[in-house]
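A.B. asks: Dropping in coords27.cif, which is mmCIF, N, CA and C atoms:
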data_structure
loop_
_atom_site.label_atom_id
_atom_site.label_comp_id
_atom_site.auth_asym_id
_atom_site.auth_seq_id
_atom_site.Cartn_x
_atom_site.Cartn_y
_atom_site.Cartn_z
N MET E 1 12.01 -36.84 -61.06
CA MET E 1 12.69 -35.58 -60.94
C MET E 1 12.46 -34.73 -62.19
N LYS E 2 12.43 -35.39 -63.36
CA LYS E 2 12.24 -34.65 -64.59
C LYS E 2 10.81 -34.15 -64.70
N LYS E 3 9.83 -34.86 -64.12
CA LYS E 3 8.45 -34.42 -64.19
C LYS E 3 8.27 -33.11 -63.41
N GLY E 4 8.91 -32.96 -62.29
CA GLY E 4 8.83 -31.75 -61.48
C GLY E 4 9.47 -30.56 -62.18
N LEU E 5 10.57 -30.80 -62.88
CA LEU E 5 11.25 -29.75 -63.62
C LEU E 5 10.41 -29.28 -64.80
N GLY E 6 9.75 -30.19 -65.49
CA GLY E 6 8.91 -29.85 -66.63
C GLY E 6 7.72 -29.01 -66.20
N ALA E 7 7.13 -29.36 -65.06
CA ALA E 7 5.98 -28.61 -64.55
C ALA E 7 6.40 -27.21 -64.14
N ALA E 8 7.58 -27.08 -63.56
CA ALA E 8 8.09 -25.77 -63.14
C ALA E 8 8.35 -24.89 -64.37
N LEU E 9 8.86 -25.49 -65.44
CA LEU E 9 9.09 -24.73 -66.67
C LEU E 9 7.78 -24.25 -67.28
N VAL E 10 6.77 -25.10 -67.25
CA VAL E 10 5.47 -24.72 -67.79
C VAL E 10 4.88 -23.57 -66.97
N VAL E 11 4.98 -23.64 -65.67
CA VAL E 11 4.47 -22.57 -64.80
C VAL E 11 5.26 -21.28 -65.04
N ALA E 12 6.57 -21.38 -65.13
CA ALA E 12 7.41 -20.20 -65.37
C ALA E 12 7.08 -19.58 -66.72
N ALA E 13 6.87 -20.40 -67.73
CA ALA E 13 6.52 -19.89 -69.05
C ALA E 13 5.16 -19.21 -69.00
N GLY E 14 4.24 -19.77 -68.25
CA GLY E 14 2.91 -19.16 -68.11
C GLY E 14 2.99 -17.81 -67.43
N VAL E 15 3.81 -17.70 -66.41
CA VAL E 15 3.99 -16.43 -65.70
C VAL E 15 4.63 -15.39 -66.62
N ILE E 16 5.62 -15.82 -67.37
CA ILE E 16 6.30 -14.89 -68.29
C ILE E 16 5.33 -14.40 -69.37
N ILE E 17 4.56 -15.31 -69.92
CA ILE E 17 3.60 -14.92 -70.96
C ILE E 17 2.53 -14.00 -70.38
N SER E 18 2.06 -14.28 -69.17
CA SER E 18 1.07 -13.42 -68.53
C SER E 18 1.63 -12.02 -68.28
N ALA E 19 2.87 -11.96 -67.81
CA ALA E 19 3.50 -10.66 -67.55
C ALA E 19 3.68 -9.89 -68.86
N TRP E 20 4.07 -10.61 -69.92
CA TRP E 20 4.25 -9.96 -71.21
C TRP E 20 2.93 -9.42 -71.75
N LEU E 21 1.84 -10.20 -71.60
CA LEU E 21 0.52 -9.74 -72.05
C LEU E 21 0.08 -8.52 -71.26
N LEU E 22 0.28 -8.53 -69.96
CA LEU E 22 -0.10 -7.40 -69.12
C LEU E 22 0.68 -6.16 -69.52
N PHE E 23 1.98 -6.33 -69.74
CA PHE E 23 2.83 -5.22 -70.17
C PHE E 23 2.37 -4.68 -71.52
N SER E 24 2.01 -5.56 -72.43
CA SER E 24 1.56 -5.15 -73.76
C SER E 24 0.26 -4.36 -73.68
N ILE E 25 -0.65 -4.80 -72.84
CA ILE E 25 -1.93 -4.10 -72.70
C ILE E 25 -1.72 -2.72 -72.10
N VAL E 26 -0.89 -2.62 -71.07
CA VAL E 26 -0.61 -1.33 -70.45
C VAL E 26 0.08 -0.40 -71.43
N SER E 27 1.05 -0.93 -72.18
CA SER E 27 1.77 -0.12 -73.16
C SER E 27 0.84 0.35 -74.26
N PHE E 28 -0.03 -0.53 -74.74
CA PHE E 28 -0.96 -0.15 -75.81
C PHE E 28 -1.93 0.91 -75.31
N THR E 29 -2.39 0.78 -74.08
CA THR E 29 -3.31 1.76 -73.52
C THR E 29 -2.64 3.12 -73.42
N SER E 30 -1.40 3.16 -72.92
CA SER E 30 -0.71 4.44 -72.80
C SER E 30 -0.39 5.02 -74.17
N LEU E 31 -0.08 4.17 -75.16
CA LEU E 31 0.17 4.66 -76.50
C LEU E 31 -1.10 5.22 -77.13
N SER E 32 -2.23 4.57 -76.88
CA SER E 32 -3.48 5.08 -77.45
C SER E 32 -3.88 6.38 -76.77
N GLU E 33 -3.61 6.50 -75.46
CA GLU E 33 -3.89 7.76 -74.77
C GLU E 33 -3.00 8.88 -75.31
N ALA E 34 -1.74 8.57 -75.58
CA ALA E 34 -0.83 9.56 -76.14
C ALA E 34 -1.30 9.97 -77.54
N ALA E 35 -1.78 9.01 -78.31
CA ALA E 35 -2.29 9.34 -79.63
C ALA E 35 -3.54 10.20 -79.52
N ASP E 36 -4.40 9.89 -78.53
CA ASP E 36 -5.58 10.71 -78.30
C ASP E 36 -5.19 12.14 -77.94
N LEU E 37 -4.20 12.30 -77.06
CA LEU E 37 -3.75 13.64 -76.67
C LEU E 37 -3.18 14.39 -77.87
N LYS E 38 -2.42 13.69 -78.70
CA LYS E 38 -1.86 14.34 -79.88
C LYS E 38 -2.98 14.78 -80.83
N GLY E 39 -4.01 13.94 -80.95
CA GLY E 39 -5.14 14.29 -81.80
C GLY E 39 -5.90 15.49 -81.27
N ILE E 40 -6.12 15.52 -79.96
CA ILE E 40 -6.82 16.65 -79.34
C ILE E 40 -5.99 17.91 -79.48
N ALA E 41 -4.68 17.79 -79.28
CA ALA E 41 -3.79 18.95 -79.42
C ALA E 41 -3.79 19.45 -80.87
N ALA E 42 -3.83 18.53 -81.82
CA ALA E 42 -3.88 18.93 -83.23
C ALA E 42 -5.18 19.65 -83.55
N GLU E 43 -6.29 19.18 -82.96
CA GLU E 43 -7.58 19.85 -83.16
C GLU E 43 -7.54 21.26 -82.56
N ALA E 44 -6.95 21.39 -81.38
CA ALA E 44 -6.85 22.70 -80.74
C ALA E 44 -5.99 23.64 -81.58
N ASN E 45 -4.89 23.12 -82.09
CA ASN E 45 -4.01 23.93 -82.94
C ASN E 45 -4.73 24.36 -84.21
N SER E 46 -5.52 23.47 -84.78
CA SER E 46 -6.29 23.79 -85.98
C SER E 46 -7.32 24.87 -85.68
N ALA E 47 -7.99 24.76 -84.54
CA ALA E 47 -8.97 25.78 -84.15
C ALA E 47 -8.30 27.13 -83.93
N LEU E 48 -7.08 27.12 -83.38
CA LEU E 48 -6.34 28.37 -83.18
C LEU E 48 -5.95 28.99 -84.52
N ARG E 49 -5.53 28.16 -85.47
CA ARG E 49 -5.20 28.68 -86.80
C ARG E 49 -6.43 29.28 -87.47
N ASN E 50 -7.57 28.61 -87.33
CA ASN E 50 -8.80 29.14 -87.90
C ASN E 50 -9.20 30.45 -87.23
N ALA E 51 -8.97 30.56 -85.93
CA ALA E 51 -9.25 31.80 -85.22
C ALA E 51 -8.35 32.92 -85.72
N GLU E 52 -7.07 32.61 -85.94
CA GLU E 52 -6.15 33.62 -86.47
C GLU E 52 -6.59 34.09 -87.85
N LYS E 53 -6.99 33.14 -88.71
CA LYS E 53 -7.46 33.50 -90.04
C LYS E 53 -8.69 34.41 -89.95
N ALA E 54 -9.60 34.07 -89.04
CA ALA E 54 -10.80 34.87 -88.88
C ALA E 54 -10.47 36.27 -88.37
N VAL E 55 -9.50 36.38 -87.48
CA VAL E 55 -9.10 37.70 -86.97
C VAL E 55 -8.55 38.54 -88.11
N PHE E 56 -7.69 37.95 -88.92
CA PHE E 56 -7.08 38.71 -90.01
C PHE E 56 -8.09 39.09 -91.08
N SER E 57 -9.14 38.29 -91.23
CA SER E 57 -10.16 38.63 -92.22
C SER E 57 -11.24 39.55 -91.64
N GLY E 58 -11.17 39.83 -90.34
CA GLY E 58 -12.11 40.74 -89.70
C GLY E 58 -13.36 40.06 -89.18
N ASN E 59 -13.42 38.75 -89.18
CA ASN E 59 -14.55 37.98 -88.67
C ASN E 59 -14.35 37.71 -87.18
N LEU E 60 -14.56 38.68 -86.35
CA LEU E 60 -14.21 38.55 -84.93
C LEU E 60 -15.14 37.60 -84.18
N ASN E 61 -16.41 37.54 -84.58
CA ASN E 61 -17.33 36.61 -83.90
C ASN E 61 -16.93 35.17 -84.16
N GLU E 62 -16.57 34.87 -85.41
CA GLU E 62 -16.10 33.52 -85.73
C GLU E 62 -14.80 33.23 -85.01
N ALA E 63 -13.94 34.23 -84.92
CA ALA E 63 -12.66 34.05 -84.23
C ALA E 63 -12.88 33.72 -82.76
N LYS E 64 -13.84 34.41 -82.14
CA LYS E 64 -14.12 34.13 -80.72
C LYS E 64 -14.67 32.72 -80.55
N ALA E 65 -15.52 32.28 -81.48
CA ALA E 65 -16.07 30.92 -81.39
C ALA E 65 -14.97 29.88 -81.54
N GLN E 66 -14.06 30.09 -82.48
CA GLN E 66 -12.94 29.16 -82.68
C GLN E 66 -12.01 29.16 -81.46
N LEU E 67 -11.82 30.34 -80.88
CA LEU E 67 -10.96 30.46 -79.71
C LEU E 67 -11.57 29.72 -78.52
N GLU E 68 -12.88 29.82 -78.35
CA GLU E 68 -13.55 29.10 -77.26
C GLU E 68 -13.44 27.60 -77.45
N ALA E 69 -13.59 27.14 -78.71
CA ALA E 69 -13.44 25.71 -78.99
C ALA E 69 -12.03 25.25 -78.68
N ALA E 70 -11.04 26.05 -79.07
CA ALA E 70 -9.65 25.70 -78.79
C ALA E 70 -9.39 25.68 -77.29
N GLY E 71 -9.97 26.62 -76.56
CA GLY E 71 -9.81 26.65 -75.10
C GLY E 71 -10.36 25.41 -74.44
N ALA E 72 -11.51 24.94 -74.92
CA ALA E 72 -12.10 23.71 -74.37
C ALA E 72 -11.20 22.52 -74.64
N LEU E 73 -10.63 22.46 -75.84
CA LEU E 73 -9.73 21.35 -76.17
C LEU E 73 -8.45 21.41 -75.35
N ILE E 74 -7.94 22.61 -75.12
CA ILE E 74 -6.73 22.76 -74.31
C ILE E 74 -7.00 22.30 -72.88
N GLU E 75 -8.15 22.65 -72.35
CA GLU E 75 -8.51 22.20 -71.00
C GLU E 75 -8.62 20.68 -70.93
N LYS E 76 -9.10 20.08 -72.02
CA LYS E 76 -9.22 18.63 -72.07
C LYS E 76 -7.83 17.98 -72.01
N VAL E 77 -6.89 18.56 -72.74
CA VAL E 77 -5.51 18.04 -72.72
C VAL E 77 -4.91 18.21 -71.33
N LYS E 78 -5.14 19.38 -70.72
CA LYS E 78 -4.62 19.63 -69.37
C LYS E 78 -5.16 18.63 -68.37
N ALA E 79 -6.44 18.32 -68.50
CA ALA E 79 -7.06 17.39 -67.55
C ALA E 79 -6.48 15.99 -67.68
N GLN E 80 -6.16 15.58 -68.91
CA GLN E 80 -5.63 14.23 -69.11
C GLN E 80 -4.15 14.13 -68.77
N ASP E 81 -3.37 15.15 -69.18
CA ASP E 81 -1.93 15.10 -68.93
C ASP E 81 -1.38 16.52 -68.87
N PRO E 82 -1.24 17.09 -67.64
CA PRO E 82 -0.75 18.46 -67.51
C PRO E 82 0.68 18.66 -67.99
N SER E 83 1.44 17.58 -68.13
CA SER E 83 2.83 17.70 -68.57
C SER E 83 3.00 17.31 -70.04
N PHE E 84 1.92 17.38 -70.81
CA PHE E 84 1.97 17.05 -72.24
C PHE E 84 2.94 17.99 -72.95
N SER E 85 3.76 17.44 -73.83
CA SER E 85 4.86 18.21 -74.42
C SER E 85 4.39 19.38 -75.28
N GLY E 86 3.28 19.27 -75.98
CA GLY E 86 2.83 20.34 -76.86
C GLY E 86 1.93 21.35 -76.19
N LEU E 87 1.63 21.15 -74.92
CA LEU E 87 0.66 22.00 -74.23
C LEU E 87 1.14 23.43 -74.08
N ARG E 88 2.39 23.61 -73.78
CA ARG E 88 2.92 24.96 -73.55
C ARG E 88 2.83 25.84 -74.80
N GLY E 89 3.19 25.27 -75.94
CA GLY E 89 3.12 26.02 -77.19
C GLY E 89 1.70 26.38 -77.57
N ILE E 90 0.79 25.45 -77.38
CA ILE E 90 -0.61 25.71 -77.71
C ILE E 90 -1.17 26.79 -76.79
N GLU E 91 -0.81 26.73 -75.51
CA GLU E 91 -1.31 27.74 -74.57
C GLU E 91 -0.80 29.13 -74.92
N SER E 92 0.47 29.23 -75.32
CA SER E 92 1.01 30.55 -75.66
C SER E 92 0.35 31.08 -76.93
N LYS E 93 0.08 30.21 -77.88
CA LYS E 93 -0.62 30.62 -79.09
C LYS E 93 -2.04 31.06 -78.76
N PHE E 94 -2.67 30.36 -77.83
CA PHE E 94 -4.02 30.72 -77.38
C PHE E 94 -4.02 32.13 -76.77
N GLN E 95 -3.03 32.41 -75.93
CA GLN E 95 -2.93 33.73 -75.30
C GLN E 95 -2.72 34.82 -76.35
N LYS E 96 -1.88 34.55 -77.34
CA LYS E 96 -1.59 35.52 -78.40
C LYS E 96 -2.85 35.84 -79.20
N VAL E 97 -3.57 34.81 -79.60
CA VAL E 97 -4.77 35.02 -80.41
C VAL E 97 -5.84 35.74 -79.59
N SER E 98 -5.97 35.39 -78.31
CA SER E 98 -6.98 36.05 -77.47
C SER E 98 -6.64 37.53 -77.28
N LYS E 99 -5.35 37.86 -77.17
CA LYS E 99 -4.95 39.27 -77.07
C LYS E 99 -5.24 40.01 -78.37
N ASP E 100 -5.01 39.34 -79.51
CA ASP E 100 -5.31 39.97 -80.80
C ASP E 100 -6.80 40.27 -80.92
N ILE E 101 -7.62 39.33 -80.49
CA ILE E 101 -9.07 39.54 -80.57
C ILE E 101 -9.49 40.67 -79.64
N GLU E 102 -8.97 40.69 -78.42
CA GLU E 102 -9.32 41.76 -77.47
C GLU E 102 -8.89 43.12 -78.02
N ARG E 103 -7.72 43.17 -78.61
CA ARG E 103 -7.22 44.42 -79.16
C ARG E 103 -8.12 44.90 -80.29
N ARG E 104 -8.53 43.99 -81.15
CA ARG E 104 -9.37 44.38 -82.29
C ARG E 104 -10.80 44.71 -81.88
N LEU E 105 -11.24 44.13 -80.78
CA LEU E 105 -12.58 44.45 -80.31
C LEU E 105 -12.63 45.79 -79.58
N GLY E 106 -11.47 46.33 -79.24
CA GLY E 106 -11.42 47.63 -78.58
C GLY E 106 -11.26 47.53 -77.08
N SER E 107 -11.01 46.36 -76.56
CA SER E 107 -10.79 46.22 -75.12
C SER E 107 -9.50 46.88 -74.70
N ALA E 108 -8.51 46.86 -75.57
CA ALA E 108 -7.22 47.50 -75.30
C ALA E 108 -6.86 48.33 -76.52
N PRO E 109 -6.34 49.54 -76.36
CA PRO E 109 -6.00 50.35 -77.52
C PRO E 109 -4.88 49.72 -78.33
N ALA E 110 -5.00 49.83 -79.61
CA ALA E 110 -4.00 49.27 -80.51
C ALA E 110 -2.74 50.11 -80.45
N PRO E 111 -1.57 49.51 -80.68
CA PRO E 111 -0.32 50.28 -80.63
C PRO E 111 -0.32 51.44 -81.62
N SER E 112 -0.90 51.29 -82.80
CA SER E 112 -0.90 52.39 -83.76
C SER E 112 -1.74 53.55 -83.24
N GLN E 113 -2.79 53.26 -82.47
CA GLN E 113 -3.60 54.32 -81.88
C GLN E 113 -2.81 55.05 -80.81
N LYS E 114 -2.00 54.34 -80.06
CA LYS E 114 -1.18 54.99 -79.03
C LYS E 114 -0.19 55.94 -79.67
N HIS E 115 0.46 55.52 -80.73
CA HIS E 115 1.45 56.38 -81.39
C HIS E 115 0.77 57.61 -81.99
N ALA E 116 -0.42 57.44 -82.53
CA ALA E 116 -1.13 58.57 -83.11
C ALA E 116 -1.51 59.58 -82.03
N SER E 117 -1.89 59.11 -80.85
CA SER E 117 -2.25 60.03 -79.77
C SER E 117 -1.01 60.76 -79.25
N GLU E 118 0.15 60.08 -79.24
CA GLU E 118 1.39 60.74 -78.81
C GLU E 118 1.79 61.83 -79.80
N LYS E 119 1.61 61.57 -81.08
CA LYS E 119 1.95 62.55 -82.09
C LYS E 119 1.04 63.77 -81.98
N ALA E 120 -0.22 63.55 -81.64
CA ALA E 120 -1.17 64.66 -81.53
C ALA E 120 -0.83 65.55 -80.34
N THR E 121 -0.28 64.99 -79.28
CA THR E 121 0.06 65.79 -78.11
C THR E 121 1.46 66.36 -78.19
N GLY E 122 2.18 66.06 -79.25
CA GLY E 122 3.50 66.65 -79.41
C GLY E 122 4.61 65.75 -78.93
N GLY E 123 4.42 64.46 -78.91
CA GLY E 123 5.49 63.56 -78.51
C GLY E 123 5.14 62.79 -77.26
N SER E 124 6.13 62.11 -76.73
CA SER E 124 5.89 61.32 -75.54
C SER E 124 5.81 62.23 -74.31
N SER E 125 5.23 61.75 -73.27
CA SER E 125 5.02 62.55 -72.07
C SER E 125 6.26 62.61 -71.17
N SER E 126 7.29 61.84 -71.47
CA SER E 126 8.46 61.82 -70.61
C SER E 126 9.33 63.06 -70.80
N GLY E 127 9.28 63.71 -71.95
CA GLY E 127 10.03 64.93 -72.18
C GLY E 127 11.52 64.71 -72.39
N LYS E 128 11.95 63.51 -72.71
CA LYS E 128 13.37 63.24 -72.92
C LYS E 128 13.78 63.71 -74.30
N LEU E 129 14.98 64.22 -74.39
CA LEU E 129 15.55 64.66 -75.65
C LEU E 129 16.40 63.55 -76.23
N PRO E 130 16.58 63.55 -77.53
CA PRO E 130 17.48 62.55 -78.14
C PRO E 130 18.90 62.69 -77.60
N GLY E 131 19.65 61.59 -77.62
CA GLY E 131 20.99 61.56 -77.04
C GLY E 131 21.94 62.57 -77.65
N GLY E 132 21.88 62.78 -78.96
CA GLY E 132 22.77 63.74 -79.62
C GLY E 132 22.52 65.15 -79.14
N VAL E 133 21.25 65.49 -78.92
CA VAL E 133 20.91 66.83 -78.45
C VAL E 133 21.41 67.04 -77.03
N VAL E 134 21.24 66.05 -76.19
CA VAL E 134 21.71 66.15 -74.80
C VAL E 134 23.22 66.33 -74.78
N HIS E 135 23.94 65.61 -75.62
CA HIS E 135 25.39 65.71 -75.69
C HIS E 135 25.83 67.11 -76.12
N ARG E 136 25.17 67.67 -77.11
CA ARG E 136 25.53 69.00 -77.60
C ARG E 136 25.22 70.07 -76.56
N LEU E 137 24.13 69.90 -75.81
CA LEU E 137 23.79 70.88 -74.76
C LEU E 137 24.83 70.85 -73.64
N LYS E 138 25.34 69.66 -73.32
CA LYS E 138 26.36 69.56 -72.27
C LYS E 138 27.65 70.23 -72.73
N ASN E 139 27.98 70.12 -73.99
CA ASN E 139 29.22 70.71 -74.53
C ASN E 139 29.04 72.16 -74.97
N LEU E 140 27.88 72.71 -74.77
CA LEU E 140 27.60 74.09 -75.19
C LEU E 140 28.49 75.10 -74.47
N ASP E 141 28.75 74.89 -73.17
CA ASP E 141 29.62 75.80 -72.42
C ASP E 141 31.03 75.81 -72.98
N GLY E 142 31.53 74.67 -73.40
CA GLY E 142 32.87 74.58 -73.95
C GLY E 142 32.97 75.27 -75.31
N ILE E 143 31.93 75.26 -76.05
CA ILE E 143 31.95 75.89 -77.37
C ILE E 143 31.89 77.41 -77.23
N LEU E 144 31.14 77.93 -76.29
CA LEU E 144 31.00 79.38 -76.09
C LEU E 144 32.22 79.88 -75.36
#
How does this structure look as structure tokens?
C.D. replies:
Amino acid sequence: MKKGLGAALVVAAGVIISAWLLFSIVSFTSLSEAADLKGIAAEANSALRNAEKAVFSGNLNEAKAQLEAAGALIEKVKAQDPSFSGLRGIESKFQKVSKDIERRLGSAPAPSQKHASEKATGGSSSGKLPGGVVHRLKNLDGIL
């Protein structure tokens, strides 16, 4: 009777050890994938920072190259894990930098250019008066 119990314990221990090894391998693989994603995200963030620096220094061609590299890295992260925690922040930074580059390249007029054109035409096209002026005009009948 004791021989059967000893064999069952050995088999149970073997199953437990096998399950633990399998769990360890799966956990290590997922941890290494998470580390890879963090590394790729860090590279993308670094490329975005370099693109921002290039935009501010006026190196728009270098900025576009850095932005393209960051875009490729962002797509790589999306392909591996679309729900990655840092993906949303990196994507919004990517959009901001790409808008800055487009604005500086002349694809969209800069806000300072818009204000200068409004000043040249005599103000905004809506024709609204300031609130204080509107109030005084309404009370003009009472004053007269």
A.B. asks: Can you tell me how far atom CA of Asn50 of chain E sits from atom CA of Leu37 of chain E, in Å to one decimal?
C.D. replies: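 Result for atom CA of Asn50 of chain E versus atom CA of Leu37 of chain E: 19.8 Å, one decimal.
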A.B. asks: Restricting the calculation to only C-alpha atoms: of E:Ala65, E:Ala70, E:Leu60, E:Leu87, which residue gets closest to Leu105 of chain E?
C.D. replies: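 That would be E:Leu60, the residue with the smallest distance to Leu105 of chain E.
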A.B. asks: I want to know what sits within 8 Å of Leu73 of chain E, based on all atoms listed in the file, with residues of the same chain fewer than 2 positions away left out; could you give that as a PyMOL selection string?
C.D. replies: chain E and resi 40-41+43-45+67-71+75-79
A.B. asks: In Å to one decimal, how far is atom CA of Gln66 of chain E from atom CA of Pro82 of chain E?
C.D. replies: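 Atom CA of Gln66 of chain E lies 22.2 Å from atom CA of Pro82 of chain E.
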A.B. asks: Atom N of Lys38 of chain E and atom N of Gly86 of chain E are how many Å apart?
C.D. replies: 8.4 Å
